[in-house]
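Structure first, commentary second.
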2 protein chains.
Amino acid sequence: LMKTYRYLLAGLGNIGRSFLEIVAERDSVLRQRYGIELQCVAVGDSSGMLINAEGIDTLAIARAKRQKHSLSGVHGSWLMDAAPVAALDNVDLNLVLDATPMNMTTGEPGLSLTRQALQRGINVVTANKAPLALNFAGLAGMSDWRKPGAPRLRFSACVGGAMPTINVGVFDLPCARFKRIEAVLNGTTQLILEMMANDSTYEEAVRAAQRMGIAETDPRMDVEGWDAANKLVILANTVLGIPASLADVSVTGIGPATANEAKAAKIVGERLSLLATAERDGEGFKLTVAPTPLPTTHPFGNLTGAEMGVIYETDIYEKITVISHETGPVPSAAAMLRDIVNIAIGI
Amino acid sequence: LMKTYRYLLAGLGNIGRSFLEIVAERDSVLRQRYGIELQCVAVGDSSGMLINAEGIDTLAIARAKRQKHSLSGVHGSWLMDAAPVAALDNVDLNLVLDATPMNMTTGEPGLSLTRQALQRGINVVTANKAPLALNFAGLAGMSDWRKPGAPRLRFSACVGGAMPTINVGVFDLPCARFKRIEAVLNGTTQLILEMMANDSTYEEAVRAAQRMGIAETDPRMDVEGWDAANKLVILANTVLGIPASLADVSVTGIGPATANEAKAAKIVGERLSLLATAERDGEGFKLTVAPTPLPTTHPFGNLTGAEMGVIYETDIYEKITVISHETGPVPSAAAMLRDIVNIAIGI
């Protein structure tokens with residue numbers, strides 16, 4: 001019995017493009033092993049939307065984006081300047097994939113898209129943290145996270161890319177009483193801290209990370225700790241089940257002054273990492289993001305700039321650590337595919 | 001909507017007893033958060049079976065076992081010397097939990113129990129590796145692993161206790177092409193190798209591990225590498241989807257001569273571990289268990305005697321590492337609870 005997902009993909013940056021390439025390449029595995037047929041009926045970026053109810057040639061889209069050509073040249077109806085949410089009115093679809101850029105002020109265009117899709121009973125897979133970090137309670141209340149039978153909202157790419165951060169916390173440790181969560185969730189600061197430990201200045205390290213395509217042109221979300229804080233908020237809401245928001249996180253980022261700390265840590269055989277922690281505090285949890293020196297015997301003491309990790313300390317399962325090593329956008333795109341397969345098999 | 005599982009628990013060693021204690025303590029979480037009601041209608045050990053269709057007082061059972069009293073004193077019908085499989089004919093149940101001791105020659109009593117339960121359409125959660133390692137193909141063919149719609153067979157406690165080894169490999173990395181799996185799956189050899197690196201002889205280390213209740217009286221399954229090989233066979237069948245059996249694994253264990261290797265590794269800053277690996281070999285995989293020196297920068301290079309780990313190297317998800325830290329039987333019992341909750345939510 002084949003399950004057919006007719007999907008909209010909003011956002012065609014590195015992750016969106018990689019997603020189209022992966023699913024084209026894994027089409028027969030998806031059909032044969034999982035009984036899943038994926039059909040792209042709408043794609044959009046900031047220039048507009050392409051819609052084709054018969055199915056869009058996704059490799060032609062990926063190619064156009066890589067070559068910086070307009071999507072309007074690919075077969076389908078081109079809606080110039082249309083927001084992704086326009087697809088919901090213009091084509092029959094049953095899955096929305098949000099890979100639009102993060103906007104931490106408004107959450108748009110992802111927030112409207114996710115909200116309207118859920119309102120119409122459409123499952124959403126998102127790689128965009130902003131709508132979740134800004135409005136978790138609202139989106140959870142419209143989806144299966146808080147409302148049984150509501151459409152599913154999945155976002156594993158948002159909290160560590162391919163690292164199964166949420167799945168392990170939610171599905172693999174049921175009935176656990178969590179004592180503490182420790183996590184390294186931001187790759188950019190890992191890389192900058194590593195370079196500073198090796199004698200780069202802060203400015204040199206940021207520029208190098210930007211040249212490598214890892215730090216954003218405006219690196220503040222990463223270096224000021226807000227990216228890690230967003231992920232911690234999502235973890236707290238999902239794994240710990242507490243209604244936390246960004247205002248509940250004590251956030252300390254990294255900056256020029258952190259270079260000395262990073263070097264000092266290295267001298268005593270430690271590694272400075274931007275650690276996100278949730279620790280029990282009475283009936284609730286204290287949420288913190290701050291640069292923290294870790295000994296090499298700590299599970300995160302030897303992480304490279306390409307690695308992230310999470311440690312769940314619980315009562316009945318004791319301690320479970322997950323570490324991911326990712327060098328490009330493909331693992332985050334694969335995480336969106338994981339979410340789709342999980343939805344299809346009923347998780 | 002409450003799901004009620006009327007279960008048989010076969011085997012009342014450390015894991016079985018811990019399971020009864022955990023589920024008694026988490027009863028209200030199971031009901032409120034997961035909508036699961038667990039009712040024990042039969043328990044058995046090597047002395048016989050206790051059956052009570054109205055529900056057995058599980059804490060009384062756990063207490064009797066801890067105090068080495070007979071189960072026959074707990075309220076219910078006592079079937080002296082009855083095999084666990086007898087419960088299937090004597091009481092209405094819809095879940096079988098197998099925590100019976102491993103018998104690598106016959107697989108009994110777990111093999112008959114699991115087989116007959118599956119044949120009757122009853123879901124099985126097992127912590128007993130022997131039936132799986134001896135007859136994976138047979139049991140998979142009777143369960144949802146190979147037969148859609150058949151009853152579920154879950155065994156996460158068999159491959160690393162609380163470590164979500166199978167779940168991560170199967171549910172979190174869909175469509176992955178696996179390049180390599182590396183795993184430390186045997187705690188006893190980890191502990192013995194650690195003690196030998198710290199100048200114990202093999203005999204001293206084995207005796208110490210036995211006194212700690214970690215090594216068996218007959219330690220051969222662990223030290224000769226068969227326990228790790230069993231787990232690798234289960235991993236290969238489930239995560240890699242290949243029909244491997246024990247005969248396909250090249251197995252080298254540890255012994256008195258390994259003490260020097262363990263010390264030599266320590267001197268150069270490495271750690272000798274009994275590593276289980278699956279590496280791509282043409283269209284198939286080469287399966288190996290052997291003592292292997294690991295540098296401290298290896299994710300397993302700093303594992304203590306209480307830790308196990310698995311690394312999945314894939315194409316689209318790149319590298320995912322999971323490490324567990326467990327000091328007693330509770331995490332393995334919790335893994336059985338995870339399997340039950342997973343079955344209830346449809347995984």
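Just remember, in the structure tokens the first chain shown is A, the second B, etc., residues are 1-based per chain, and ligands are 1-based in the order shown.
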
### Task
Give me the residues within 6 Å of segment 217-228 of chain A as an NGL selection string, counting only C-alpha atoms and dropping any in the same chain fewer than 3 places off.
:A and (185-186 or 231 or 253-254)

Could you write out the selected residues, including N, CA, C and O atoms, as an mmCIF file, in the first residue's frame?
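Written output follows (result_37.cif):
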```cif
data_model
loop_
_atom_site.group_PDB
_atom_site.id
_atom_site.type_symbol
_atom_site.label_atom_id
_atom_site.label_comp_id
_atom_site.auth_asym_id
_atom_site.auth_seq_id
_atom_site.Cartn_x
_atom_site.Cartn_y
_atom_site.Cartn_z
ATOM 1 N N LEU A 185 24.944 22.472 20.666
ATOM 2 C CA LEU A 185 23.945 22.489 19.595
ATOM 3 C C LEU A 185 24.264 23.496 18.505
ATOM 4 O O LEU A 185 23.494 23.681 17.578
ATOM 5 N N ASN A 186 25.393 24.182 18.626
ATOM 6 C CA ASN A 186 25.723 25.196 17.622
ATOM 7 C C ASN A 186 27.098 24.937 17.033
ATOM 8 O O ASN A 186 28.119 25.053 17.720
ATOM 9 N N LYS A 231 17.294 26.225 20.275
ATOM 10 C CA LYS A 231 17.252 24.760 20.270
ATOM 11 C C LYS A 231 16.945 24.227 21.667
ATOM 12 O O LYS A 231 16.205 23.251 21.822
ATOM 13 N N GLY A 253 26.832 34.561 25.316
ATOM 14 C CA GLY A 253 27.444 34.157 24.057
ATOM 15 C C GLY A 253 28.959 34.182 24.119
ATOM 16 O O GLY A 253 29.553 34.173 25.198
ATOM 17 N N ILE A 254 29.580 34.203 22.938
ATOM 18 C CA ILE A 254 31.028 34.311 22.874
ATOM 19 C C ILE A 254 31.388 35.596 22.129
ATOM 20 O O ILE A 254 30.579 36.124 21.367
#
```

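Once Gln39 of chain B and its same-chain neighbours fewer than 3 positions away are set aside, Thr4, Tyr5, Arg6, Tyr7, Gly55 and Ile56 of chain B remain within 8 Å of it when counting only C-alpha atoms.
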
Write the selection just made, keeping C-alpha atoms, as a JSON list (two decimals), in the first residue's frame?
```json
[["chain", "number", "residue", "atom", "x", "y", "z"],
["B", 4, "THR", "CA", -4.60, -2.16, 28.34],
["B", 5, "TYR", "CA", -1.80, -4.70, 28.16],
["B", 6, "ARG", "CA", -2.39, -7.90, 30.08],
["B", 7, "TYR", "CA", 1.08, -9.35, 30.20],
["B", 55, "GLY", "CA", -3.98, -9.03, 38.09],
["B", 56, "ILE", "CA", -0.96, -10.05, 40.11]]
```

### Query
Using only C-alpha atoms, which of A:Leu173, A:Ala10, A:Met195, A:Ala117 sits nearest chain B?
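Comparing A:Leu173, A:Ala10, A:Met195, A:Ala117 against chain B, the winner is A:Leu173.
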
### Task
Find the residue from B:Val159, B:Leu118, B:Ala236, B:Val91 that sits nearest to Arg280 of chain B; use only C-alpha atoms when measuring.
B:Ala236

### Query
Contacts of Ser18 of chain B at 12 Å or less, counting only C-alpha atoms, minus same-chain residues fewer than 3 places along, as number ranges by chain?
A: 316; B: 9, 11-15, 21-25, 58-59, 61-63, 65-66, 99, 328-337
